Structure formats: C-alpha cells, structure tokens
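For reference, upload-v3.cif (mmCIF, C-alpha atoms):
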```cif
data_start
#
loop_
_atom_site.label_atom_id
_atom_site.label_comp_id
_atom_site.auth_asym_id
_atom_site.auth_seq_id
_atom_site.Cartn_x
_atom_site.Cartn_y
_atom_site.Cartn_z
CA LEU Z 1 101.42 46.41 205.11
CA ASN Z 2 102.93 45.70 208.53
CA ASP Z 3 102.30 49.24 209.81
CA HIS Z 4 99.56 48.89 212.45
CA GLY Z 5 98.63 52.53 211.98
CA LEU Z 6 97.45 51.80 208.42
CA LYS Z 7 94.11 49.99 208.65
CA PHE Z 8 93.28 49.73 204.92
CA PRO Z 9 89.51 49.92 205.60
CA GLU Z 10 88.46 48.69 202.15
CA GLY Z 11 90.76 45.69 202.41
CA MET Z 12 89.58 44.95 205.94
CA ALA Z 13 85.95 44.98 204.77
CA THR Z 14 86.82 42.42 202.09
CA LEU Z 15 88.78 40.33 204.59
CA GLU Z 16 85.92 40.24 207.09
CA THR Z 17 83.49 39.13 204.40
CA LEU Z 18 85.82 36.36 203.19
CA GLN Z 19 86.55 35.08 206.67
CA HIS Z 20 82.90 34.93 207.69
CA ILE Z 21 81.85 33.15 204.51
CA TYR Z 22 84.28 30.29 205.13
CA ARG Z 23 84.15 30.18 208.93
CA HIS Z 24 82.12 27.61 210.88
CA GLY Z 25 80.59 27.45 214.37
CA GLN Z 26 78.34 29.61 216.52
CA GLU Z 27 80.69 32.58 216.51
CA ALA Z 28 80.78 32.56 212.73
CA VAL Z 29 76.98 32.44 212.56
CA ALA Z 30 76.71 35.40 214.95
CA ARG Z 31 79.17 37.47 212.92
CA ILE Z 32 77.49 36.61 209.62
CA LYS Z 33 74.17 37.79 211.09
CA VAL Z 34 75.77 41.09 212.10
CA LEU Z 35 77.43 41.44 208.68
CA LEU Z 36 74.22 40.77 206.74
CA SER Z 37 72.10 42.96 209.01
CA ALA Z 38 74.46 45.90 208.61
CA ALA Z 39 74.62 45.33 204.84
CA LEU Z 40 70.84 45.21 204.50
CA LEU Z 41 70.46 48.37 206.58
CA SER Z 42 73.05 50.23 204.51
CA ALA Z 43 71.57 48.97 201.23
CA ALA Z 44 68.05 49.98 202.31
CA VAL Z 45 69.14 53.53 203.16
CA LYS Z 46 70.97 53.84 199.84
CA TRP Z 47 67.99 52.45 197.91
CA VAL Z 48 65.55 54.81 199.61
CA ASP Z 49 67.87 57.77 198.99
CA GLY Z 50 68.37 56.87 195.33
CA PHE Z 51 65.01 55.57 194.16
CA VAL Z 52 62.22 56.29 196.65
CA TRP Z 53 62.84 59.62 198.34
CA ALA Z 54 65.95 61.76 198.25
CA ILE Z 55 66.97 62.07 201.89
CA PRO Z 56 67.65 65.78 202.53
CA ARG Z 57 71.22 66.83 203.38
CA TRP Z 58 70.60 68.88 206.51
CA ALA Z 59 72.75 71.86 207.47
CA PRO Z 60 72.24 74.28 210.39
CA THR Z 61 72.52 77.39 208.18
CA THR Z 62 72.71 78.26 204.50
CA GLN Z 63 76.28 79.50 204.94
CA LEU Z 64 77.41 76.17 206.43
CA GLU Z 65 75.65 74.35 203.61
CA ARG Z 66 77.63 76.39 201.06
CA LEU Z 67 80.79 75.37 202.92
CA THR Z 68 79.77 71.65 202.58
CA PHE Z 69 78.92 71.22 206.29
CA THR Z 70 75.90 68.99 205.71
CA LEU Z 71 74.85 65.66 207.19
CA ASP Z 72 75.27 63.07 204.43
CA PRO Z 73 73.08 59.96 205.00
CA SER Z 74 75.90 57.61 204.00
CA LEU Z 75 76.32 54.57 206.23
CA LEU Z 76 79.29 53.56 204.07
CA LEU Z 77 81.25 56.55 205.42
CA ILE Z 78 80.29 55.63 208.98
CA GLY Z 79 81.57 52.13 208.24
CA PHE Z 80 84.89 53.50 207.05
CA GLY Z 81 85.04 55.62 210.20
CA GLY Z 82 84.49 52.52 212.34
CA ILE Z 83 87.63 50.95 210.89
CA ILE Z 84 90.07 53.87 210.63
CA GLY Z 85 90.29 54.48 214.40
CA ILE Z 86 89.80 57.45 216.68
CA ARG Z 87 93.08 59.23 215.80
CA VAL Z 88 92.36 59.35 212.07
CA GLY Z 89 88.69 60.15 212.64
CA LEU Z 90 89.42 63.11 214.90
CA THR Z 91 92.08 64.34 212.48
CA LEU Z 92 89.53 64.34 209.65
CA LEU Z 93 87.23 66.46 211.80
CA LEU Z 94 90.11 68.79 212.68
CA GLY Z 95 91.07 69.11 209.02
CA ALA Z 96 87.48 69.82 207.97
CA LEU Z 97 87.17 72.56 210.59
CA LEU Z 98 90.52 74.04 209.58
CA ALA Z 99 89.96 73.91 205.81
CA TRP Z 100 86.22 74.33 205.31
CA GLY Z 101 85.28 76.07 208.55
CA GLY Z 102 88.26 78.41 208.84
CA LEU Z 103 90.18 78.81 205.59
CA ALA Z 104 87.28 78.62 203.12
CA PRO Z 105 85.24 81.53 204.63
CA TRP Z 106 88.41 83.62 204.77
CA LEU Z 107 89.12 82.92 201.09
CA ILE Z 108 85.60 84.06 200.22
CA ASP Z 109 85.93 87.22 202.34
CA GLN Z 110 89.27 88.09 200.72
CA GLY Z 111 87.81 87.60 197.25
CA TRP Z 112 90.32 84.87 196.35
CA VAL Z 113 87.44 82.46 195.69
CA MET Z 114 84.45 84.00 193.94
CA LEU Z 115 81.02 82.50 194.60
CA ALA Z 116 77.83 83.66 192.95
CA PRO Z 117 75.69 85.63 195.44
CA ASP Z 118 72.67 83.47 194.67
CA ALA Z 119 74.59 80.17 194.67
CA GLN Z 120 72.59 77.44 196.38
CA GLY Z 121 73.84 74.22 197.95
CA PRO Z 122 77.43 73.11 198.71
CA GLN Z 123 80.04 75.00 196.69
CA PHE Z 124 82.60 72.20 196.82
CA SER Z 125 83.97 72.42 193.26
CA LYS Z 126 84.76 76.14 193.54
CA LEU Z 127 86.44 75.93 196.93
CA VAL Z 128 88.40 72.72 196.41
CA GLU Z 129 90.21 74.23 193.42
CA TRP Z 130 92.04 76.39 195.97
CA LEU Z 131 92.10 74.13 199.02
CA LEU Z 132 93.57 71.10 197.23
CA TRP Z 133 96.97 72.77 196.85
CA PRO Z 134 97.89 73.11 200.56
CA GLY Z 135 96.20 69.78 201.35
CA VAL Z 136 98.05 67.75 198.73
CA SER Z 137 101.35 69.50 199.51
CA LEU Z 138 100.94 68.56 203.17
CA MET Z 139 100.16 64.91 202.36
CA VAL Z 140 103.02 64.47 199.90
CA CYS Z 141 105.72 66.24 201.91
CA ALA Z 142 104.75 64.53 205.18
CA THR Z 143 104.81 61.07 203.60
CA LEU Z 144 108.08 61.56 201.74
CA THR Z 145 109.75 63.12 204.81
CA ALA Z 146 108.69 60.24 207.05
CA LEU Z 147 109.77 57.71 204.43
CA GLY Z 148 113.15 59.39 203.96
CA ILE Z 149 113.85 59.45 207.70
CA ARG Z 150 112.91 55.79 208.09
CA LEU Z 151 115.10 54.76 205.16
CA PHE Z 152 117.99 56.76 206.62
CA ARG Z 153 117.59 55.21 210.07
CA ALA Z 154 117.08 51.62 208.85
CA PRO Z 155 120.80 50.91 208.15
CA GLN Z 156 121.72 52.37 211.55
CA LYS Z 157 119.24 50.08 213.29
CA THR Z 158 120.65 47.13 211.39
CA LEU Z 159 124.21 47.98 212.47
CA THR Z 160 123.28 48.41 216.13
CA SER Z 161 120.93 45.43 216.30
CA ARG Z 162 122.37 42.18 217.69
CA THR Z 163 119.62 40.06 216.20
CA PRO Z 164 120.77 38.42 212.97
CA ARG Z 165 118.57 39.29 210.04
CA ALA Z 166 117.20 36.60 207.78
CA ARG Z 167 118.70 36.65 204.31
CA VAL Z 168 116.15 37.06 201.57
CA PRO Z 169 117.18 35.28 198.36
CA PHE Z 170 117.47 37.60 195.38
CA SER Z 171 115.05 36.97 192.56
CA PRO Z 172 115.66 38.69 189.20
CA GLY Z 173 112.01 38.39 188.16
CA PRO Z 174 110.59 41.52 189.88
CA ALA Z 175 113.59 43.63 188.80
CA MET Z 176 113.22 42.52 185.20
CA GLY Z 177 109.49 43.17 185.32
CA LEU Z 178 110.09 46.70 186.64
CA VAL Z 179 112.66 47.45 183.92
CA LEU Z 180 110.36 46.14 181.18
CA SER Z 181 107.43 48.12 182.55
CA ILE Z 182 109.49 51.33 182.60
CA ALA Z 183 110.67 50.71 179.03
CA LEU Z 184 107.11 50.09 177.86
CA VAL Z 185 105.67 53.17 179.60
CA VAL Z 186 108.42 55.47 178.33
CA SER Z 187 108.35 54.16 174.75
CA LEU Z 188 104.54 54.40 174.51
CA GLN Z 189 104.59 58.00 175.74
CA ALA Z 190 107.21 58.84 173.12
CA MET Z 191 105.54 57.01 170.22
CA LEU Z 192 101.89 57.82 170.85
CA PHE Z 193 102.11 61.38 172.18
CA GLY Z 194 105.49 62.68 170.96
CA ILE Z 195 106.84 63.21 174.49
CA ASP Z 196 110.59 63.59 174.87
CA LEU Z 197 112.26 60.53 176.34
CA TRP Z 198 113.75 62.41 179.29
CA MET Z 199 110.35 63.83 180.23
CA ALA Z 200 108.78 60.40 179.91
CA LEU Z 201 111.53 59.03 182.17
CA LEU Z 202 110.81 61.81 184.66
CA SER Z 203 107.27 60.48 185.10
CA ILE Z 204 108.66 57.22 186.59
CA PRO Z 205 110.19 58.55 189.86
CA LEU Z 206 107.23 60.89 190.23
CA ALA Z 207 104.88 57.93 189.84
CA ILE Z 208 106.78 56.00 192.53
CA CYS Z 209 106.64 58.92 194.98
CA LEU Z 210 102.94 59.55 194.40
CA ALA Z 211 102.18 55.83 194.64
CA VAL Z 212 103.75 55.78 198.11
CA VAL Z 213 101.70 58.80 199.14
CA ALA Z 214 98.45 57.38 197.76
CA ALA Z 215 99.06 53.99 199.40
CA ARG Z 216 99.59 55.55 202.83
CA VAL Z 217 96.54 57.81 202.51
CA VAL Z 218 94.36 54.86 201.50
CA GLY Z 219 95.84 52.76 204.29
CA ALA Z 220 94.92 55.41 206.85
CA THR Z 221 91.53 56.56 205.54
CA GLY Z 222 90.31 54.16 202.84
CA ILE Z 223 89.88 57.00 200.31
CA ALA Z 224 92.31 57.43 197.42
CA PRO Z 225 93.06 61.11 196.66
CA ILE Z 226 93.85 60.36 193.01
CA GLY Z 227 92.25 63.50 191.61
CA ALA Z 228 94.13 65.76 194.01
CA ILE Z 229 97.41 63.91 193.53
CA GLY Z 230 96.91 64.20 189.77
CA LYS Z 231 96.87 67.98 190.12
CA LEU Z 232 100.23 67.88 191.88
CA SER Z 233 101.72 65.75 189.11
CA GLN Z 234 100.34 68.24 186.59
CA LEU Z 235 101.98 71.07 188.53
CA SER Z 236 105.31 69.22 188.42
CA PHE Z 237 105.21 68.89 184.65
CA GLY Z 238 103.90 72.43 184.32
CA LEU Z 239 107.20 73.54 185.84
CA VAL Z 240 109.49 71.42 183.64
CA ALA Z 241 107.45 71.74 180.43
CA PRO Z 242 105.44 74.98 180.53
CA GLY Z 243 103.06 75.57 177.67
CA GLN Z 244 102.97 71.93 176.51
CA VAL Z 245 99.49 70.64 177.29
CA PRO Z 246 99.86 67.07 175.85
CA ILE Z 247 102.99 66.48 177.94
CA ASN Z 248 101.28 67.87 181.03
CA LEU Z 249 98.25 65.64 180.60
CA MET Z 250 99.82 62.35 179.56
CA SER Z 251 102.98 62.37 181.70
CA ALA Z 252 101.01 63.48 184.75
CA ASN Z 253 98.38 60.85 183.96
CA THR Z 254 101.11 58.19 184.04
CA ALA Z 255 102.09 59.25 187.55
CA GLY Z 256 98.51 59.66 188.77
CA GLY Z 257 97.41 56.38 187.19
CA ALA Z 258 100.22 54.47 188.86
CA ALA Z 259 99.21 55.96 192.20
CA GLY Z 260 95.63 54.82 191.67
CA GLN Z 261 96.63 51.28 190.72
CA SER Z 262 98.95 50.99 193.71
CA THR Z 263 96.12 51.72 196.14
CA ASP Z 264 94.03 48.84 194.75
CA LEU Z 265 97.01 46.50 194.84
CA MET Z 266 97.88 47.41 198.44
CA ASN Z 267 94.34 46.64 199.57
CA ASP Z 268 94.62 43.27 197.81
CA PHE Z 269 98.00 42.58 199.41
CA LYS Z 270 96.60 43.45 202.85
CA VAL Z 271 93.88 40.83 202.43
CA GLY Z 272 96.31 38.31 200.96
CA LEU Z 273 98.72 38.79 203.85
CA ALA Z 274 95.96 37.97 206.33
CA ILE Z 275 94.69 34.83 204.56
CA GLY Z 276 98.12 33.49 203.58
CA ALA Z 277 98.13 34.22 199.85
CA THR Z 278 101.61 34.70 198.40
CA PRO Z 279 102.44 38.08 196.82
CA LYS Z 280 103.76 36.28 193.72
CA LYS Z 281 100.39 34.66 192.98
CA GLN Z 282 98.60 37.92 193.70
CA VAL Z 283 100.79 39.77 191.21
CA ILE Z 284 100.10 37.12 188.56
CA ALA Z 285 96.35 37.43 189.19
CA GLN Z 286 96.67 41.22 189.03
CA CYS Z 287 98.42 41.05 185.65
CA ILE Z 288 95.70 38.78 184.27
CA GLY Z 289 93.08 41.20 185.58
CA ILE Z 290 94.89 44.16 184.00
CA PHE Z 291 94.91 42.49 180.59
CA ILE Z 292 91.27 41.42 180.68
CA GLY Z 293 90.13 44.66 182.31
CA SER Z 294 91.93 46.79 179.72
CA VAL Z 295 90.24 44.98 176.82
CA VAL Z 296 86.79 44.98 178.42
CA GLY Z 297 87.13 48.54 179.68
CA VAL Z 298 88.08 49.94 176.28
CA ALA Z 299 85.27 47.99 174.58
CA VAL Z 300 82.64 49.26 177.05
CA TYR Z 301 84.00 52.81 176.81
CA LEU Z 302 83.79 52.81 173.01
CA ALA Z 303 80.31 51.31 173.15
CA LEU Z 304 79.08 54.06 175.47
CA ILE Z 305 81.10 56.96 174.04
CA PRO Z 306 81.98 56.22 170.39
CA ASP Z 307 82.92 59.87 169.71
CA PRO Z 308 84.66 61.20 172.85
CA GLN Z 309 85.81 64.44 171.20
CA HIS Z 310 82.24 65.61 170.68
CA MET Z 311 80.38 63.65 173.38
CA LEU Z 312 82.53 64.42 176.43
CA LEU Z 313 82.19 67.68 178.38
CA THR Z 314 78.54 67.95 177.33
CA GLU Z 315 75.36 67.95 179.39
CA ALA Z 316 74.87 64.23 178.75
CA TRP Z 317 78.48 63.34 179.60
CA PRO Z 318 79.87 66.19 181.74
CA ALA Z 319 82.96 64.17 182.84
CA PRO Z 320 83.94 66.50 185.74
CA ALA Z 321 87.29 64.76 186.32
CA VAL Z 322 88.20 65.20 182.64
CA ALA Z 323 87.17 68.85 182.75
CA THR Z 324 89.30 69.45 185.84
CA TRP Z 325 92.42 67.84 184.34
CA LYS Z 326 91.92 69.84 181.13
CA ALA Z 327 91.47 73.11 183.02
CA VAL Z 328 94.58 72.56 185.16
CA ALA Z 329 96.68 71.66 182.09
CA GLU Z 330 95.56 74.84 180.32
CA THR Z 331 96.10 76.93 183.48
CA LEU Z 332 99.67 75.70 183.86
CA THR Z 333 100.69 76.58 180.29
CA HIS Z 334 102.88 79.32 181.74
CA GLY Z 335 104.35 77.28 184.59
CA LEU Z 336 104.18 78.25 188.25
CA GLU Z 337 103.42 81.85 187.29
CA SER Z 338 99.94 80.67 186.29
CA LEU Z 339 99.13 80.16 189.97
CA SER Z 340 98.28 83.18 192.07
CA PRO Z 341 100.77 84.31 194.75
CA GLN Z 342 98.28 83.23 197.42
CA VAL Z 343 98.15 79.68 196.04
CA ARG Z 344 101.96 79.55 195.91
CA TRP Z 345 102.15 80.62 199.55
CA ALA Z 346 99.55 78.00 200.42
CA ILE Z 347 101.65 75.32 198.72
CA PHE Z 348 104.71 76.48 200.69
CA VAL Z 349 102.87 76.50 204.03
CA GLY Z 350 101.34 73.09 203.34
CA ALA Z 351 104.71 71.65 202.33
CA PHE Z 352 106.47 73.12 205.40
CA SER Z 353 103.76 71.78 207.72
CA GLY Z 354 104.01 68.38 206.06
CA VAL Z 355 107.79 68.21 206.48
CA LEU Z 356 107.49 69.24 210.15
CA LEU Z 357 104.72 66.75 210.99
CA GLY Z 358 106.37 63.97 209.00
CA ALA Z 359 109.67 64.50 210.82
CA LEU Z 360 108.01 64.59 214.24
CA ASP Z 361 106.02 61.43 213.47
CA SER Z 362 109.22 59.56 212.60
CA LEU Z 363 111.58 60.96 215.24
CA LEU Z 364 109.38 61.12 218.35
CA PRO Z 365 108.88 58.02 220.54
CA GLN Z 366 105.73 56.08 219.72
CA ARG Z 367 104.01 57.09 222.97
CA LEU Z 368 104.32 60.76 221.94
CA ALA Z 369 103.88 60.38 218.16
CA ARG Z 370 100.44 58.82 218.61
CA TRP Z 371 99.17 62.16 219.90
CA LEU Z 372 100.09 63.89 216.63
CA PRO Z 373 97.38 64.29 213.97
CA SER Z 374 97.44 61.83 211.10
CA THR Z 375 99.04 63.76 208.23
CA ALA Z 376 97.30 61.60 205.63
CA ALA Z 377 93.89 62.36 207.13
CA LEU Z 378 94.69 66.03 207.73
CA GLY Z 379 95.67 66.61 204.10
CA LEU Z 380 92.79 64.53 202.79
CA ALA Z 381 90.28 66.64 204.71
CA PHE Z 382 91.27 69.60 202.50
CA VAL Z 383 90.18 67.78 199.33
CA LEU Z 384 87.04 66.04 200.66
CA PRO Z 385 83.74 67.77 201.36
CA ALA Z 386 83.37 68.55 205.05
CA SER Z 387 80.29 66.30 205.09
CA THR Z 388 82.43 63.27 204.19
CA SER Z 389 84.98 63.98 206.90
CA MET Z 390 82.18 64.55 209.42
CA MET Z 391 80.48 61.22 208.71
CA MET Z 392 83.77 59.28 208.87
CA GLY Z 393 84.70 61.09 212.07
CA LEU Z 394 81.26 60.26 213.49
CA GLY Z 395 81.81 56.57 212.72
CA ALA Z 396 85.20 56.63 214.46
CA ILE Z 397 83.81 58.38 217.54
CA LEU Z 398 80.81 56.04 217.85
CA THR Z 399 83.06 52.98 217.59
CA TRP Z 400 85.44 54.41 220.19
CA ILE Z 401 82.58 55.15 222.61
CA VAL Z 402 81.21 51.62 222.26
CA SER Z 403 84.71 50.18 222.72
CA ARG Z 404 85.12 52.05 226.02
CA ARG Z 405 81.79 50.78 227.31
CA TRP Z 406 81.67 47.28 225.80
CA PRO Z 407 85.22 46.36 224.71
CA SER Z 408 84.45 42.68 224.10
CA VAL Z 409 81.49 43.48 221.84
CA THR Z 410 83.59 45.93 219.85
CA GLU Z 411 86.42 43.44 219.46
CA ARG Z 412 84.01 40.81 218.11
CA PHE Z 413 81.66 42.83 215.94
CA ALA Z 414 83.01 46.34 215.17
CA ILE Z 415 84.91 45.47 211.99
CA THR Z 416 82.16 43.05 210.95
CA ALA Z 417 79.42 45.67 211.24
CA ALA Z 418 81.57 48.26 209.47
CA ALA Z 419 82.27 45.83 206.64
CA GLY Z 420 78.54 45.23 206.25
CA LEU Z 421 77.79 48.95 206.07
CA ILE Z 422 80.47 49.39 203.40
CA ALA Z 423 79.40 46.37 201.35
CA GLY Z 424 75.67 47.12 201.44
CA GLU Z 425 75.89 50.68 200.15
CA SER Z 426 78.64 49.82 197.66
CA ILE Z 427 76.72 46.97 196.02
CA THR Z 428 73.51 49.00 195.89
CA GLY Z 429 75.36 51.97 194.38
CA VAL Z 430 76.92 49.81 191.67
CA GLY Z 431 73.55 48.25 190.91
CA ALA Z 432 71.97 51.69 190.65
CA SER Z 433 74.69 52.82 188.23
CA PHE Z 434 74.09 49.82 185.97
CA TRP Z 435 70.33 50.41 186.11
CA GLU Z 436 70.72 54.03 185.03
CA MET Z 437 73.14 52.99 182.26
CA PHE Z 438 70.77 50.37 180.84
CA LYS Z 439 67.83 52.77 181.07
CA GLY Z 440 69.70 55.23 178.84
CA LEU Z 441 70.58 52.68 176.16
#
```

Exercise: express the given structure as structure tokens:
Amino acid sequence: LNDHGLKFPEGMATLETLQHIYRHGQEAVARIKVLLSAALLSAAVKWVDGFVWAIPRWAPTTQLERLTFTLDPSLLLIGFGGIIGIRVGLTLLLGALLAWGGLAPWLIDQGWVMLAPDAQGPQFSKLVEWLLWPGVSLMVCATLTALGIRLFRAPQKTLTSRTPRARVPFSPGPAMGLVLSIALVVSLQAMLFGIDLWMALLSIPLAICLAVVAARVVGATGIAPIGAIGKLSQLSFGLVAPGQVPINLMSANTAGGAAGQSTDLMNDFKVGLAIGATPKKQVIAQCIGIFIGSVVGVAVYLALIPDPQHMLLTEAWPAPAVATWKAVAETLTHGLESLSPQVRWAIFVGAFSGVLLGALDSLLPQRLARWLPSTAALGLAFVLPASTSMMMGLGAILTWIVSRRWPSVTERFAITAAAGLIAGESITGVGASFWEMFKGL
C-alpha cells in the first residue's frame, strides 16, 4: 500500500469520486465538472457501442486482427492507462509486441497453435492457451523473487539503521482469525470434496503466494489476472495429485479465489488509507459484505441457473471461464507430462526471466531500477488481448504528453478525468448486463 510504484487504478478512481463528492469550493466544483464530463463521455460511447451501433474494431490487416491488434473503443482502458503511469503503459505495449506480435505468429508458423484457415476476427482464446504459461510464470517468479529479497534485506536494514523503530503492540485477533479461516477452508475441502488434509493444507501457502502476486499486478495495472493465475494453481496441483480432477479443481480454486478476493481488499485498503479509515473497521465491513454477498450470490445463481449440470457449457450459458478450468483440469490428469515440451520450455524461460527481473528490480538503486520494465505489466500483456494493452498504453502516453506540456493541469485533473472515464463505462456496462438479464427472464 505504501509502494509508490503501485497506483491501484481502480482504488484511485473510487478515491477521486469520494473526495470530489464531499469537497467544497471552486476547485472542487471544477474537478466535479471534469469528472462528470468524462463519465458522460465514456458512458455515451459505451451506450452507442452496445445499443445503437456496434463501433467497428479497426485493424490495419486481417493478420493483425487475428493476432488481436485491433483498436478497441474503450475509454475505460484509456482511463486506466492515465493512472498507471508511463513505465507500466510502455511495458504493456512492449509485452503486447513481444507476445502477440512476435511469439504468437511464430507459434502459428511452427504449428504449435493451430488456427482454422478461414478463422475470422481475433483468435485470442486459441493463442492465450499457450501464451499464458510464460506470462504467468514471469509474473509469479518476479514477484516472489522481489518479495524474498526484500524480506531478506529488511532485518539487515533494521540492524544498520540508527533510527529507533516504533513498537507495534501485538494483537491476537488477526492471528486467531487466520488460524480459524485455515481450519475452516481445510475442513470444508475435506468434508465436501473428499480432499486429503495434507493437500487441502497445501492450498493455503499457494493461496498466500498467489494473493501477493495478484495484489501487485492489480496495484500496477488495475487488472486482476485471476484466470491466468488459476491455471498456474491448477498446474501445481496437477503435479502433486495427477489424475485427480476434483482435487485439481477445488484446491486450485481455493488458491485462485483467495487471490481474487485479495485484489478487491487491497483496492479498498488503498482508499481507506487515503481517507483515514482504519484497517480494522474495513475488515469488519468486508466480513459483513462476504456473508451477505455469499447468501445473495448463491440465491441469484440458483434463480438464474437452477440446474448447472445441464445448463452450463451450453449455447445459452457458455461459461467460458468454467470451460477453461475444466479443460485444464482434464489436461493435467497426467501431471506435467500433459504439457507439450514447448510449453514446458516456455514456463522455464518465463520463470528464469521473472527471477532475473525481480532480482534486478530489488537490488539495483532506484534511479536505475525505474528504467526496468514493470514485470507485472510485462507478464500481464501475455494474457490480455493486444488491443487491451494498446489502449491502456495509449492512455498512459497521452497523459504523459499532457503532463510534459501542461504539468499543472495534469496534476489537477488527470486522475479526475481518468476516474470519470472508468466510472462512466463501468456503470453503463453493469446497467447493460442487468437489462439483458431482465430481458431474458
């Protein structure tokens, strides 16, 4: 939360909105006008694209379109790009060029990814099944390497520092809550799905590691790579429990689910830190929300899909995320041997690159480390369509150009305008989803 390199764009958008709602004076009025104008513009573009006229996704050539290099008319992504900064934005562009402009065509030429000759439009789902492995390996290994180095160096800094550190009083509450949560998660896996206790326990440290990775990726880019991280957790359990699909799905889901929840909580904490809310009260509110959300979520799910076994993975309810998890679990029934040698080499290269970049980022002086690519953004670019990375990179570049020409304007209104772009498209998208749901009832 105190790392200035982690912007938490979603949290910053929420913070800007809150601050402007409760602020007074001429400056507040000016910022609210910018916020509302940007939100209305973003909402109008989303509404036109969704209900009036589908804005075409332009690409220079058919081949680039197949590789996902299209211009996506999403002002939300430009808003995210305006918050993440020029380093992360350029890294996303670099990663898109490396993964989708360089590696993806080579995979197709080598026959390692098979596309139908008459396939039209972006072939994201086919290509990402291969590209996610080096990308996720890079993200995870870079984050864990940097974290390990910082933890190792922290005691040394404490010993050499002459500044006395403030003593933080120990509170047994969080420790007891963690122990109870672990006991509950492990016992439910064992009782409901017949998972061995030691395998259920193994999901806990994996969940912690993946939660750290997901939190840092979201802090840098605003996008949670939960689907891609889930595949890595499935690979981990495919190695320790080959051929056991229920264990692969449910234990990996525990780790991936924890990573997803941690990203939401970190965004909340970032906002709370800025407005003076205590973490204790935020955790209490989060627990209340979990209880209510679980009950409401299950009720809505059962109302919409009363027979999941026969309704899911159909034309009406294709559930692509479910299909992907199922396919990976079935693929890994024979452990690592289920993956092709090329994929295994890609995992190794991604992991090695992540360790190297993570070590350099932690060991180099700050004035040199800031010239390194953002490992979170570089890995994420492998699992996002190139169009998404391009639009976020465009937002970062535009904001940087304006900041060089009019620094005072950027300081006052950049985050505000970006927050408006994010809020406008988000609210319109949610409204459109509800409208389509009610139309089908």

For this structure, which residues satisfy the selection - the PyMOL selection byres ((chain Z and resi 404-421) around 6) - when it is evaluated on the file as given? I want them as a ChimeraX atom specification. /Z:13,34-35,38-39,42,75-76,79,82,401-403,422-424

Any chance you could work out the residue set of the PyMOL selection byres ((chain Z and resi 200) around 8) here, as a list in words? Val185, Val186, Gln189, Ala190, Ile195, Asp196, Leu197, Trp198, Met199, Leu201, Leu202, Ser203, Ile204 and Ser251 of chain Z

Would you mind exporting C-alpha atoms of the selected residues as a JSON list (two decimals), in the coordinates of the input?
```json
[["chain", "number", "residue", "atom", "x", "y", "z"],
["Z", 185, "VAL", "CA", 105.67, 53.17, 179.60],
["Z", 186, "VAL", "CA", 108.42, 55.47, 178.33],
["Z", 189, "GLN", "CA", 104.59, 58.00, 175.74],
["Z", 190, "ALA", "CA", 107.21, 58.84, 173.12],
["Z", 195, "ILE", "CA", 106.84, 63.21, 174.49],
["Z", 196, "ASP", "CA", 110.59, 63.59, 174.87],
["Z", 197, "LEU", "CA", 112.26, 60.53, 176.34],
["Z", 198, "TRP", "CA", 113.75, 62.41, 179.29],
["Z", 199, "MET", "CA", 110.35, 63.83, 180.23],
["Z", 201, "LEU", "CA", 111.53, 59.03, 182.17],
["Z", 202, "LEU", "CA", 110.81, 61.81, 184.66],
["Z", 203, "SER", "CA", 107.27, 60.48, 185.10],
["Z", 204, "ILE", "CA", 108.66, 57.22, 186.59],
["Z", 251, "SER", "CA", 102.98, 62.37, 181.70]]
```

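Here the PyMOL selection byres ((chain Z and resi 44) around 12) matches the residues Leu36, Ser37, Ala38, Ala39, Leu40, Leu41, Ser42, Ala43, Val45, Lys46, Trp47, Val48, Asp49, Gly50, Phe51, Val52, Trp53, Pro73, Ser74, Leu75, Leu76, Leu421, Ala423, Gly424, Glu425, Ser426, Ile427, Thr428 and Gly429 of chain Z.
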
What's the 9 Å shell around Ala211 (chain Z), counting all atoms listed in the file, without same-chain residues fewer than 6 positions away, as a count of residues only? 9

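Rounded to one decimal, CA of Gly227 (chain Z) and CA of Met391 (chain Z) lie 20.9 Å from each other.
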
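Distance check against Gln234 (chain Z) using all atoms listed in the file: of Z:Thr145, Z:Thr221, Z:Ser353, Z:Thr254, the minimum falls on Z:Thr254.
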
What does the distance from CA of Arg57 (chain Z) to CA of Pro122 (chain Z) come to in Å, to one decimal? 10.0 Å

d(CA of Gly354 (chain Z), CA of Leu132 (chain Z)) in Å: 13.9 Å

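Look at Ala99 (chain Z): the protein and nucleic acid residues within 8 Å of it, using all atoms listed in the file and passing over chain neighbours fewer than 5 places away, are Z:Ala104, Z:Leu131, Z:Ala381, Z:Phe382.
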
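Of the listed residues Z:Gly395, Z:Gly358, Z:Gly350, Z:Pro373, the one whose atoms come nearest to Leu94 (chain Z) is Z:Pro373, with distances taken using all atoms listed in the file.
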
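Each of Z:Phe438, Z:Phe269, Z:Trp112, Z:Phe8 was checked against Val217 (chain Z) using all atoms listed in the file; the smallest atom-to-atom distance is that of Z:Phe8.
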
Residues within 10 Å of region 273-284 of chain Z, please, as a PyMOL selection string. Count all atoms listed in the file; anything in the same chain fewer than 3 positions from it doesn't count. chain Z and resi 1-2+12+15+18-19+174+265+267-270+287-290

Selected residues, C-alpha atoms, written as a PDB file, keeping the file's coordinate frame, please.
```pdb
ATOM      1  CA  LEU Z   1     101.420  46.410 205.110  1.00  0.00           C
ATOM      2  CA  ASN Z   2     102.930  45.700 208.530  1.00  0.00           C
ATOM      3  CA  MET Z  12      89.580  44.950 205.940  1.00  0.00           C
ATOM      4  CA  LEU Z  15      88.780  40.330 204.590  1.00  0.00           C
ATOM      5  CA  LEU Z  18      85.820  36.360 203.190  1.00  0.00           C
ATOM      6  CA  GLN Z  19      86.550  35.080 206.670  1.00  0.00           C
ATOM      7  CA  PRO Z 174     110.590  41.520 189.880  1.00  0.00           C
ATOM      8  CA  LEU Z 265      97.010  46.500 194.840  1.00  0.00           C
ATOM      9  CA  ASN Z 267      94.340  46.640 199.570  1.00  0.00           C
ATOM     10  CA  ASP Z 268      94.620  43.270 197.810  1.00  0.00           C
ATOM     11  CA  PHE Z 269      98.000  42.580 199.410  1.00  0.00           C
ATOM     12  CA  LYS Z 270      96.600  43.450 202.850  1.00  0.00           C
ATOM     13  CA  CYS Z 287      98.420  41.050 185.650  1.00  0.00           C
ATOM     14  CA  ILE Z 288      95.700  38.780 184.270  1.00  0.00           C
ATOM     15  CA  GLY Z 289      93.080  41.200 185.580  1.00  0.00           C
ATOM     16  CA  ILE Z 290      94.890  44.160 184.000  1.00  0.00           C
TER      17      ILE Z 290
END
```

Write out as a PyMOL selection string the residues lying within 9 Å of Leu394 (chain Z), counting all atoms listed in the file and excluding same-chain residues fewer than 3 positions away. chain Z and resi 77-78+81-82+89-90+93+389-391+397-399

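Comparing Z:Phe124, Z:Tyr22, Z:Phe80, Z:Trp435 by their smallest distance to Ser387 (chain Z), the closest is Z:Phe124 (using all atoms listed in the file).
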
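Distance check against Ala228 (chain Z) using only C-alpha atoms: of Z:Gly11, Z:Gly135, Z:Gly85, Z:Pro56, the minimum falls on Z:Gly135.
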
One residue among Z:Val128, Z:Ile292, Z:Ala54, Z:Leu188 is nearest to Ala96 (chain Z) when using all atoms listed in the file, and that residue is Z:Val128

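Near Ala386 (chain Z), within 8 Å and counting only C-alpha atoms, sit Leu67, Thr68, Phe69, Thr70, Ala96, Leu97 and Trp100 of chain Z; same-chain residues fewer than 6 positions away were not included.
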